[in-house]
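Next comes input-v6.txt, with compact mmCIF, C-alpha atoms.
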```
# COMPACT_ATOMS: atom_id res chain seq x y z
CA MET V 22 0.00 0.00 0.00
CA SER V 23 1.24 3.49 -0.86
CA SER V 24 2.60 5.46 2.08
CA VAL V 25 0.81 8.62 0.90
CA LYS V 26 -2.65 8.71 2.40
CA ALA V 27 -5.58 9.58 0.16
CA VAL V 28 -6.95 11.87 2.88
CA GLU V 29 -5.38 13.14 6.09
CA ILE V 30 -7.42 15.34 8.38
CA ARG V 31 -5.85 16.86 11.50
CA ASN V 32 -7.78 18.80 14.15
CA LEU V 33 -10.37 20.12 11.69
CA SER V 34 -12.95 22.50 13.14
CA PHE V 35 -15.52 24.54 11.29
CA CYS V 36 -17.92 27.23 12.49
CA TYR V 37 -20.73 28.64 10.33
CA PRO V 38 -21.09 32.47 10.27
CA ASP V 39 -24.15 32.21 12.56
CA GLY V 40 -21.86 30.78 15.26
CA LYS V 41 -22.94 27.15 14.95
CA THR V 42 -19.99 24.78 15.35
CA ALA V 43 -20.43 22.16 12.65
CA LEU V 44 -17.09 20.34 13.10
CA ASN V 45 -15.07 20.13 16.28
CA ASP V 46 -11.49 18.85 16.30
CA ILE V 47 -11.90 16.05 13.75
CA SER V 48 -8.86 13.93 12.87
CA PHE V 49 -8.58 10.76 10.78
CA GLU V 50 -6.86 9.29 7.74
CA LEU V 51 -8.07 7.44 4.69
CA ASN V 52 -5.89 5.04 2.67
CA PRO V 53 -5.99 4.89 -1.14
CA GLY V 54 -8.87 2.67 -2.25
CA GLU V 55 -10.41 2.52 1.24
CA ARG V 56 -14.15 3.04 1.62
CA VAL V 57 -15.29 4.72 4.81
CA ALA V 58 -18.81 5.66 5.86
CA ILE V 59 -19.24 8.96 7.71
CA MET V 60 -22.35 8.39 9.78
CA GLY V 61 -24.40 10.55 12.05
CA GLY V 62 -27.86 12.05 12.39
CA ASN V 63 -29.03 15.24 10.70
CA GLY V 64 -26.80 18.18 11.60
CA ALA V 65 -23.93 15.95 12.76
CA GLY V 66 -21.53 17.70 10.36
CA LYS V 67 -21.25 15.04 7.63
CA SER V 68 -21.93 17.33 4.65
CA THR V 69 -19.76 20.12 6.09
CA LEU V 70 -16.87 17.68 6.44
CA LEU V 71 -17.15 16.66 2.76
CA MET V 72 -17.32 20.31 1.64
CA CYS V 73 -14.09 21.03 3.56
CA LEU V 74 -12.24 18.29 1.65
CA ASN V 75 -11.77 20.38 -1.50
CA GLY V 76 -11.75 23.83 0.09
CA VAL V 77 -15.31 24.84 -0.79
CA LEU V 78 -15.65 25.45 2.98
CA GLN V 79 -12.55 26.43 4.92
CA GLY V 80 -12.19 25.44 8.55
CA THR V 81 -9.26 25.52 10.96
CA GLY V 82 -6.84 22.60 11.21
CA GLU V 83 -5.18 20.75 8.38
CA ILE V 84 -6.42 18.64 5.47
CA LEU V 85 -4.13 16.85 3.03
CA ILE V 86 -5.37 15.20 -0.16
CA CYS V 87 -2.82 12.74 -1.57
CA GLY V 88 -0.22 14.58 0.49
CA MET V 89 -1.25 18.01 -0.79
CA PRO V 90 -2.44 20.56 1.79
CA VAL V 91 -5.90 21.98 1.04
CA VAL V 92 -4.90 25.66 0.93
CA LYS V 93 -5.86 28.35 -1.56
CA LYS V 94 -2.85 27.91 -3.85
CA ASN V 95 -3.62 24.17 -4.15
CA TYR V 96 -7.38 24.41 -4.75
CA LYS V 97 -7.05 23.68 -8.47
CA PRO V 98 -5.05 20.41 -8.18
CA VAL V 99 -6.99 19.37 -5.04
CA ARG V 100 -10.32 19.79 -6.83
CA GLN V 101 -9.00 17.59 -9.63
CA LYS V 102 -8.33 14.82 -7.11
CA VAL V 103 -11.56 15.06 -5.10
CA GLY V 104 -14.87 14.27 -6.76
CA LEU V 105 -17.66 15.70 -4.64
CA LEU V 106 -21.17 14.35 -5.08
CA PHE V 107 -23.93 16.47 -3.63
CA GLN V 108 -26.97 15.11 -1.86
CA ASN V 109 -29.31 16.70 -4.38
CA ALA V 110 -28.13 15.93 -7.91
CA ASP V 111 -30.11 18.93 -9.20
CA ASP V 112 -27.57 21.17 -7.46
CA GLN V 113 -24.74 19.41 -9.23
CA LEU V 114 -26.15 19.20 -12.75
CA PHE V 115 -26.48 22.83 -13.81
CA CYS V 116 -25.79 22.73 -17.56
CA PRO V 117 -28.32 22.56 -20.40
CA THR V 118 -27.18 19.06 -21.45
CA VAL V 119 -25.69 15.98 -19.75
CA TYR V 120 -22.65 16.32 -22.06
CA ASP V 121 -21.94 19.87 -20.87
CA ASP V 122 -22.34 18.81 -17.24
CA VAL V 123 -19.87 15.92 -17.49
CA ALA V 124 -17.51 18.04 -19.60
CA PHE V 125 -17.61 21.00 -17.15
CA GLY V 126 -14.69 19.88 -14.98
CA LEU V 127 -12.63 18.75 -17.98
CA ARG V 128 -13.07 22.12 -19.65
CA ASN V 129 -11.98 23.86 -16.46
CA ARG V 130 -8.91 21.62 -16.50
CA GLY V 131 -8.10 22.83 -20.01
CA GLU V 132 -8.53 19.52 -21.89
CA ARG V 133 -8.87 19.51 -25.68
CA GLU V 134 -12.39 18.97 -27.07
CA GLU V 135 -11.60 15.53 -28.59
CA VAL V 136 -10.24 14.33 -25.22
CA ILE V 137 -13.34 15.74 -23.52
CA ARG V 138 -15.62 13.93 -25.98
CA ARG V 139 -13.86 10.61 -25.38
CA LYS V 140 -13.82 10.99 -21.59
CA VAL V 141 -17.48 12.01 -21.44
CA ALA V 142 -18.45 8.93 -23.49
CA GLU V 143 -16.28 6.66 -21.28
CA SER V 144 -17.69 8.09 -18.04
CA LEU V 145 -21.29 7.81 -19.21
CA HIS V 146 -20.59 4.23 -20.30
CA ALA V 147 -19.11 3.49 -16.84
CA VAL V 148 -22.36 4.56 -15.16
CA GLY V 149 -24.53 2.76 -17.73
CA LEU V 150 -25.87 5.86 -19.47
CA ASP V 151 -24.56 5.50 -23.02
CA GLY V 152 -26.17 7.93 -25.44
CA PHE V 153 -27.45 10.36 -22.79
CA GLU V 154 -25.16 13.19 -23.96
CA ARG V 155 -27.83 15.47 -25.46
CA ARG V 156 -30.42 14.90 -22.72
CA ASN V 157 -31.34 17.60 -20.22
CA ALA V 158 -31.00 16.64 -16.55
CA PHE V 159 -34.56 17.87 -15.88
CA HIS V 160 -35.87 14.95 -17.92
CA LEU V 161 -33.91 12.28 -16.01
CA SER V 162 -35.08 10.14 -13.09
CA VAL V 163 -33.47 10.66 -9.66
CA GLY V 164 -31.38 7.52 -10.17
CA GLU V 165 -30.18 8.66 -13.60
CA LYS V 166 -29.30 12.10 -12.21
CA LYS V 167 -27.21 10.47 -9.46
CA ARG V 168 -25.39 8.41 -12.10
CA VAL V 169 -24.68 11.49 -14.23
CA ALA V 170 -23.38 13.21 -11.08
CA LEU V 171 -21.08 10.20 -10.56
CA ALA V 172 -19.92 10.48 -14.17
CA THR V 173 -18.97 14.13 -13.59
CA ALA V 174 -16.51 12.92 -10.93
CA LEU V 175 -15.31 9.80 -12.75
CA CYS V 176 -14.31 11.67 -15.90
CA MET V 177 -11.84 13.71 -13.83
CA ASP V 178 -9.92 10.54 -12.81
CA VAL V 179 -10.32 11.56 -9.17
CA GLU V 180 -8.52 9.72 -6.38
CA VAL V 181 -11.03 10.50 -3.65
CA MET V 182 -14.78 10.36 -4.06
CA ALA V 183 -16.79 12.23 -1.42
CA LEU V 184 -20.42 11.21 -1.64
CA ASP V 185 -23.11 13.01 0.33
CA GLU V 186 -26.11 10.74 0.99
CA PRO V 187 -25.73 8.94 -2.36
CA THR V 188 -28.81 6.73 -1.87
CA SER V 189 -31.21 9.38 -0.54
CA SER V 190 -34.48 9.62 -2.53
CA LEU V 191 -33.67 6.46 -4.49
CA ASP V 192 -36.09 3.53 -4.64
CA PRO V 193 -34.77 0.08 -3.57
CA ARG V 194 -33.71 -0.86 -7.08
CA GLY V 195 -31.97 2.49 -7.55
CA LYS V 196 -30.15 1.95 -4.24
CA ARG V 197 -29.03 -1.51 -5.32
CA GLU V 198 -27.79 -0.28 -8.71
CA LEU V 199 -25.86 2.62 -7.18
CA THR V 200 -24.34 0.43 -4.48
CA ASP V 201 -23.17 -2.08 -7.11
CA LEU V 202 -21.75 0.77 -9.17
CA LEU V 203 -19.79 2.20 -6.22
CA LYS V 204 -18.36 -1.24 -5.42
CA ARG V 205 -16.70 -1.31 -8.84
CA TYR V 206 -14.62 1.84 -8.34
CA SER V 207 -11.14 1.62 -6.89
CA GLN V 208 -10.87 5.21 -5.65
CA ALA V 209 -10.92 6.04 -1.94
CA GLN V 210 -14.52 6.79 -1.02
CA MET V 211 -15.93 8.85 1.83
CA ILE V 212 -19.65 8.20 2.01
CA ALA V 213 -21.74 10.45 4.25
CA THR V 214 -24.89 8.54 5.03
CA HIS V 215 -27.35 7.42 7.66
CA ASP V 216 -28.22 4.35 5.65
CA LEU V 217 -26.89 1.51 7.85
CA ARG V 218 -27.39 -1.06 5.10
CA LEU V 219 -25.32 0.91 2.62
CA ALA V 220 -22.55 1.33 5.19
CA ARG V 221 -22.56 -2.38 6.05
CA GLU V 222 -22.44 -3.46 2.42
CA LEU V 223 -19.99 -0.95 1.03
CA CYS V 224 -17.58 0.22 3.71
CA GLN V 225 -14.75 -1.46 5.58
CA ARG V 226 -14.74 1.29 8.19
CA ILE V 227 -17.23 3.65 9.82
CA ILE V 228 -16.65 7.02 11.44
CA VAL V 229 -19.51 8.25 13.61
CA LEU V 230 -20.10 11.96 14.10
CA LYS V 231 -22.33 13.56 16.70
CA ASP V 232 -22.78 17.34 17.07
CA GLY V 233 -19.66 17.89 14.97
CA ARG V 234 -17.43 15.60 17.05
CA LYS V 235 -16.00 12.21 16.08
CA ILE V 236 -17.38 9.75 18.64
CA ALA V 237 -16.24 6.49 17.03
CA ASP V 238 -13.90 5.26 14.29
CA ALA V 239 -13.57 1.51 13.79
CA GLU V 240 -14.27 -1.44 11.50
CA ALA V 241 -17.81 -1.41 10.11
CA GLY V 242 -18.80 -4.68 11.83
CA LYS V 243 -17.67 -3.47 15.25
CA ILE V 244 -19.53 -0.16 15.00
CA LEU V 245 -22.73 -1.67 13.67
CA ASN V 246 -22.84 -4.19 16.55
CA GLN V 247 -22.78 -1.39 19.15
CA LYS V 248 -26.50 -0.70 19.38
CA GLU V 249 -26.09 1.97 22.06
CA LEU V 250 -23.56 3.91 20.00
CA ILE V 251 -25.79 3.73 16.92
CA ALA V 252 -28.77 4.93 18.94
CA SER V 253 -26.86 7.75 20.63
CA ALA V 254 -25.72 9.02 17.21
CA GLY V 255 -29.37 9.28 16.16
CA LEU V 256 -29.12 6.52 13.58
CA GLU V 257 -31.85 4.21 14.86
CA MET L 22 -41.82 16.99 -14.21
CA ARG L 23 -45.13 18.02 -15.75
CA HIS L 24 -43.82 21.30 -17.06
CA GLN L 25 -43.14 21.50 -20.75
CA PHE L 26 -39.96 22.78 -22.25
CA LEU L 27 -39.46 25.95 -24.22
CA ASP L 28 -38.13 23.82 -27.05
CA GLU L 29 -40.37 20.79 -26.76
CA HIS L 30 -41.07 20.76 -30.56
CA ALA L 31 -37.47 21.56 -31.45
CA TYR L 32 -36.29 17.99 -31.98
CA ARG L 33 -38.30 17.22 -35.13
CA GLY L 34 -36.72 16.74 -38.52
CA THR L 35 -38.44 19.26 -40.81
CA ALA L 36 -36.48 21.52 -43.16
CA LEU L 37 -37.05 24.40 -40.76
CA HIS L 38 -35.61 22.38 -37.88
CA ARG L 39 -32.58 21.40 -39.95
CA ALA L 40 -31.78 25.01 -40.97
CA SER L 41 -28.75 26.62 -39.34
CA GLY L 42 -29.43 27.93 -35.82
CA GLY L 43 -27.39 31.08 -36.46
CA LEU L 44 -29.37 31.91 -39.61
CA LYS L 45 -32.65 31.41 -37.77
CA ILE L 46 -31.53 33.73 -34.96
CA LEU L 47 -30.43 36.41 -37.44
CA PHE L 48 -33.64 36.19 -39.49
CA SER L 49 -35.74 36.27 -36.33
CA LEU L 50 -34.02 39.40 -35.02
CA ALA L 51 -34.28 41.06 -38.46
CA GLY L 52 -37.95 40.05 -38.68
CA ILE L 53 -38.75 41.52 -35.26
CA LEU L 54 -36.96 44.78 -36.08
CA TRP L 55 -38.84 45.01 -39.39
CA VAL L 56 -42.23 44.38 -37.73
CA VAL L 57 -41.55 46.87 -34.93
CA GLY L 58 -40.59 49.50 -37.51
CA LEU L 59 -43.85 49.25 -39.47
CA GLY L 60 -46.06 52.37 -39.36
CA PRO L 61 -49.86 52.72 -39.00
CA GLY L 62 -50.45 52.76 -42.76
CA GLN L 63 -48.70 49.44 -43.42
CA ALA L 64 -51.40 46.97 -42.46
CA LYS L 65 -50.78 45.05 -45.70
CA SER L 66 -47.17 44.39 -44.68
CA LEU L 67 -48.42 43.03 -41.35
CA ALA L 68 -50.85 40.77 -43.18
CA VAL L 69 -47.98 39.48 -45.36
CA ALA L 70 -45.94 38.80 -42.23
CA VAL L 71 -48.83 36.84 -40.70
CA LEU L 72 -49.26 34.74 -43.86
CA PHE L 73 -45.51 34.10 -44.05
CA LEU L 74 -45.32 33.06 -40.38
CA ALA L 75 -48.42 30.85 -40.76
CA GLY L 76 -46.63 29.12 -43.66
CA LEU L 77 -43.49 28.58 -41.58
CA THR L 78 -45.55 27.28 -38.64
CA LYS L 79 -47.14 24.74 -40.97
CA LEU L 80 -43.80 23.83 -42.50
CA GLY L 81 -42.32 23.28 -39.01
CA LYS L 82 -45.33 21.09 -38.06
CA ILE L 83 -45.91 23.13 -34.90
CA PRO L 84 -49.30 22.31 -33.30
CA PRO L 85 -51.50 25.43 -33.57
CA GLY L 86 -52.96 24.78 -30.09
CA ASP L 87 -49.58 25.25 -28.40
CA PHE L 88 -48.88 28.32 -30.45
CA LEU L 89 -52.24 29.88 -29.55
CA LYS L 90 -51.73 29.12 -25.84
CA ARG L 91 -48.47 31.09 -25.82
CA MET L 92 -50.12 33.94 -27.71
CA LEU L 93 -52.85 34.05 -25.07
CA LEU L 94 -50.20 34.26 -22.35
CA VAL L 95 -48.63 37.30 -24.02
CA PHE L 96 -51.92 38.97 -24.94
CA PRO L 97 -52.57 40.70 -21.56
CA ILE L 98 -49.09 42.29 -21.64
CA ALA L 99 -49.58 43.42 -25.25
CA ALA L 100 -53.03 44.77 -24.31
CA MET L 101 -51.55 46.76 -21.39
CA ILE L 102 -49.04 48.39 -23.75
CA GLY L 103 -51.89 49.04 -26.21
CA ILE L 104 -53.95 50.71 -23.48
CA SER L 105 -51.04 52.99 -22.64
CA VAL L 106 -51.17 54.20 -26.27
CA LEU L 107 -54.84 55.11 -25.78
CA THR L 108 -54.00 57.48 -22.92
CA VAL L 109 -52.06 59.79 -25.28
CA PRO L 110 -54.47 61.91 -27.39
CA ARG L 111 -53.73 61.36 -31.10
CA GLY L 112 -56.63 62.61 -33.22
CA ASP L 113 -60.05 60.95 -33.34
CA HIS L 114 -61.17 57.63 -31.89
CA GLY L 115 -60.58 55.86 -35.20
CA VAL L 116 -56.88 56.75 -35.18
CA GLN L 117 -56.59 55.71 -31.51
CA ALA L 118 -58.23 52.35 -32.21
CA ARG L 119 -55.92 51.70 -35.19
CA LEU L 120 -52.86 52.50 -33.06
CA PHE L 121 -54.15 50.21 -30.31
CA GLY L 122 -54.59 47.38 -32.82
CA LEU L 123 -51.18 48.05 -34.38
CA VAL L 124 -49.35 47.81 -31.05
CA ILE L 125 -51.06 44.54 -30.16
CA ALA L 126 -50.48 43.08 -33.64
CA LYS L 127 -46.77 44.00 -33.56
CA ALA L 128 -46.32 42.47 -30.10
CA LEU L 129 -48.09 39.24 -31.05
CA ILE L 130 -46.21 38.88 -34.35
CA SER L 131 -42.88 39.44 -32.57
CA VAL L 132 -43.76 36.73 -30.04
CA TRP L 133 -44.79 34.46 -32.91
CA ILE L 134 -41.35 34.91 -34.50
CA LEU L 135 -39.62 34.06 -31.20
CA PHE L 136 -41.92 31.10 -30.66
CA LEU L 137 -41.06 29.78 -34.12
CA LEU L 138 -37.36 30.18 -33.35
CA THR L 139 -37.54 28.30 -30.03
CA ALA L 140 -39.91 25.67 -31.45
CA THR L 141 -37.55 24.78 -34.29
CA THR L 142 -34.14 25.17 -32.58
CA PRO L 143 -33.06 23.04 -29.59
CA PHE L 144 -31.89 25.31 -26.79
CA PRO L 145 -28.32 23.92 -26.66
CA VAL L 146 -28.04 24.53 -30.44
CA MET L 147 -29.26 28.08 -29.88
CA LEU L 148 -26.54 28.64 -27.26
CA GLU L 149 -23.87 27.23 -29.60
CA SER L 150 -25.12 29.46 -32.42
CA LEU L 151 -25.09 32.53 -30.17
CA ALA L 152 -21.52 31.63 -29.14
CA ARG L 153 -20.48 31.52 -32.81
CA MET L 154 -22.04 34.97 -33.17
CA ARG L 155 -19.62 36.17 -30.44
CA CYS L 156 -22.32 36.59 -27.78
CA PRO L 157 -20.61 37.26 -24.37
CA LYS L 158 -19.93 34.02 -22.45
CA ILE L 159 -21.43 35.28 -19.20
CA PHE L 160 -24.72 35.90 -21.04
CA LEU L 161 -24.67 32.36 -22.49
CA MET L 162 -23.92 30.95 -19.07
CA LEU L 163 -26.89 32.77 -17.55
CA LEU L 164 -29.16 31.61 -20.38
CA GLY L 165 -27.97 28.04 -19.81
CA PHE L 166 -28.75 28.26 -16.09
CA CYS L 167 -32.20 29.72 -16.83
CA TYR L 168 -32.96 26.85 -19.20
CA ARG L 169 -31.75 24.28 -16.66
CA TYR L 170 -33.49 25.69 -13.59
CA LEU L 171 -36.62 27.47 -14.86
CA PHE L 172 -38.74 24.32 -14.80
CA LEU L 173 -37.20 23.02 -11.62
CA MET L 174 -38.21 26.28 -9.96
CA ALA L 175 -41.69 25.99 -11.47
CA ASP L 176 -41.90 22.51 -9.90
CA GLU L 177 -40.78 23.93 -6.56
CA ALA L 178 -43.38 26.71 -6.72
CA GLU L 179 -46.04 24.12 -7.56
CA ARG L 180 -45.02 21.97 -4.58
CA MET L 181 -45.27 25.00 -2.30
CA THR L 182 -48.77 25.87 -3.57
CA HIS L 183 -49.79 22.22 -3.03
CA ALA L 184 -48.50 22.49 0.54
CA LEU L 185 -50.64 25.59 1.04
CA ALA L 186 -53.71 23.98 -0.55
CA SER L 187 -53.35 20.83 1.55
CA ARG L 188 -53.59 23.01 4.66
CA GLY L 189 -56.86 24.56 3.54
CA TYR L 190 -55.58 27.65 1.72
CA GLU L 191 -58.04 28.84 -0.91
CA GLY L 192 -56.74 32.32 -1.67
CA ARG L 193 -60.25 33.77 -1.83
CA TRP L 194 -60.05 36.36 0.90
CA LEU L 195 -57.80 39.37 1.20
CA GLY L 196 -56.55 38.10 4.59
CA GLN L 197 -55.13 35.05 2.84
CA ALA L 198 -53.14 37.15 0.39
CA ARG L 199 -50.30 37.49 2.92
CA PHE L 200 -49.53 33.81 2.41
CA ILE L 201 -48.67 34.61 -1.19
CA GLY L 202 -46.10 37.03 0.25
CA HIS L 203 -44.72 34.23 2.45
CA LEU L 204 -44.64 31.92 -0.56
CA ILE L 205 -42.72 34.41 -2.69
CA GLY L 206 -40.30 35.10 0.19
CA MET L 207 -39.71 31.40 0.77
CA PHE L 208 -39.25 30.88 -2.96
CA PHE L 209 -36.52 33.54 -3.08
CA VAL L 210 -34.76 32.08 -0.03
CA ARG L 211 -34.82 28.58 -1.56
CA SER L 212 -33.59 29.86 -4.93
CA TYR L 213 -30.78 31.77 -3.20
CA GLU L 214 -29.75 28.68 -1.26
CA ARG L 215 -29.83 26.59 -4.42
CA GLY L 216 -27.63 29.21 -6.08
CA GLU L 217 -25.10 28.81 -3.26
CA ARG L 218 -25.10 25.02 -3.62
CA VAL L 219 -24.76 25.18 -7.41
CA PHE L 220 -21.81 27.56 -7.05
CA ALA L 221 -20.18 25.16 -4.58
CA ALA L 222 -20.68 22.38 -7.15
CA MET L 223 -19.04 24.56 -9.82
CA LEU L 224 -16.05 25.33 -7.58
CA SER L 225 -15.70 21.63 -6.80
CA ARG L 226 -15.18 20.94 -10.48
CA GLY L 227 -12.49 23.56 -10.90
CA TYR L 228 -14.54 26.61 -11.93
CA GLU L 229 -12.43 29.78 -11.66
CA GLY L 230 -14.72 32.46 -13.07
CA PRO L 231 -16.31 33.24 -16.46
CA GLU L 232 -13.02 34.46 -17.96
CA HIS L 233 -11.59 30.92 -17.62
CA TRP L 234 -14.75 29.16 -18.70
CA ARG L 235 -14.16 27.20 -21.90
CA ALA L 236 -17.62 26.07 -22.99
CA TYR L 237 -19.07 27.33 -26.29
CA GLU L 238 -15.67 27.87 -27.90
```
Please rewrite the model in this file as structure tokens.
Amino acid sequence: MSSVKAVEIRNLSFCYPDGKTALNDISFELNPGERVAIMGGNGAGKSTLLMCLNGVLQGTGEILICGMPVVKKNYKPVRQKVGLLFQNADDQLFCPTVYDDVAFGLRNRGEREEVIRRKVAESLHAVGLDGFERRNAFHLSVGEKKRVALATALCMDVEVMALDEPTSSLDPRGKRELTDLLKRYSQAQMIATHDLRLARELCQRIIVLKDGRKIADAEAGKILNQKELIASAGLE
Amino acid sequence: MRHQFLDEHAYRGTALHRASGGLKILFSLAGILWVVGLGPGQAKSLAVAVLFLAGLTKLGKIPPGDFLKRMLLVFPIAAMIGISVLTVPRGDHGVQARLFGLVIAKALISVWILFLLTATTPFPVMLESLARMRCPKIFLMLLGFCYRYLFLMADEAERMTHALASRGYEGRWLGQARFIGHLIGMFFVRSYERGERVFAAMLSRGYEGPEHWRAYE
């Protein structure tokens, strides 16, 4: 295993402008290819943590992505390594066509149009949406939108995927399809969720947050067997 | 999901649909300028324009029902402008009535031209054509966002009115009008928050401002 961690977080704290502390002294590491579930009830700080990973939100403490500190001068390369998937795919798919949405990050990276075309086709193929290039996201189902959102990250060859509630608002079949899809990818994955089944099936490790603090960090099986811990984190 | 698109008829294969998007935009703008410039004594020219547009509508296989619905939507605005003409004294009643009719006819014909353009040109093609015509990128970006989010916002507004209706709101009495104010306020807050989230999504994919944006090149 490579000695460079995919993600290193040291003493991360974040306060919203209204004074609410969303993250309080969070520290942990994520190895390349490792899948970890970030679990906690609503308002535990899961989404804020993911948004800090690529500098969209800036807290105090230190974050390193593949050894690179997340500071202003590194935002560009960091954002090419972290693929962030939002809870609501409608927030992530803002272009008139699926093609433009998937190509957005590649264009910002300065790729040539023929490379963009090839990568868009490959990414859409990887999420099972061949031929969707000219479609508008408004016409897609929730499951299809989530897959397009995944394709927007995949086409960037990211090394860390940060997924915020990936299975929310999906029907059981949609959940199954997305879970199977995520299993196939070799990137490190941080999955913010309160879906215990998803965490059990997909992740080797679970980190539990409560009121912005890390209250547990262990193997998935160990955490899921601690009923009291699960209950105190507002998960059941 | 029940809302229809601006360009719902734009994906057919008629000759009008296949024509170059840039040409259609140029002809539409020229057509509107020509119609707006017509004077009170040029009713025949207006009639020619109507016949020509009717021919194009048929050629493009645009359902007349849809076209009439959009005209009806615009009619009150055109009528308001027409009424404003009536408030300025310009000779006898006959002259006033002709001016009133002329203003409404010009407005409706202009909308007809724009409707034909959007009904025969897919919106992404329109954006690409505008880009080739050196339209500023920031303007194209805003148009793209409007196209993407207009119907989503219409859905959101509809959900909020359903929420009001399911709690007994009927909107019949003046006292209930304040809820419309709440609804509009809430709608703005939600749209603002969505804007923040969309911008975060753009930053996450390396967006560095419109000057670095490479779409439509």
Residues of chain V within 7 Å of chain L, all atoms listed in the file counted, as an MDAnalysis selection string: chainID V and resid 75 77 97 100 105 112:113 115:117 126 128:130
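Taking CA of Phe153 (chain V) and CA of Arg139 (chain V) as the two end points, the separation is 13.8 Å.
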At a cut-off of 8 Å, using all atoms listed in the file, what residues contact Phe49 (chain V)? Leave out same-chain residues fewer than 5 positions from it and give the result as a PyMOL selection string. chain V and resi 29-31
Report the distance between CA of Asp122 (chain V) and CA of Val141 (chain V) in Å, rounded to one decimal place. 9.4 Å
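Of note, CA of Gly62 (chain V) and CA of His215 (chain V) are spaced 6.6 Å apart.
You can rank L:Ala128, L:Leu135, L:Ala140, L:Ala184 by their closest distance to Leu50 (chain L) using all atoms listed in the file, and at the top of that list sits L:Leu135.
Summary of the local environment: counting all atoms listed in the file, residues at most 8 Å from region 197-203 of chain V, other than itself and those fewer than 5 positions away along its chain, are V:Val148, V:Gly164, V:Arg168, V:Pro187, V:Thr188, V:Leu219, V:Leu223.
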Once you have the residues from the selection above, write them out as an mmCIF file, keeping the file's coordinate frame, restricted to C-alpha atoms.
```
data_model
loop_
_atom_site.group_PDB
_atom_site.id
_atom_site.type_symbol
_atom_site.label_atom_id
_atom_site.label_comp_id
_atom_site.auth_asym_id
_atom_site.auth_seq_id
_atom_site.Cartn_x
_atom_site.Cartn_y
_atom_site.Cartn_z
ATOM 1 C CA VAL V 148 -22.360 4.560 -15.160
ATOM 2 C CA GLY V 164 -31.380 7.520 -10.170
ATOM 3 C CA ARG V 168 -25.390 8.410 -12.100
ATOM 4 C CA PRO V 187 -25.730 8.940 -2.360
ATOM 5 C CA THR V 188 -28.810 6.730 -1.870
ATOM 6 C CA LEU V 219 -25.320 0.910 2.620
ATOM 7 C CA LEU V 223 -19.990 -0.950 1.030
#
```
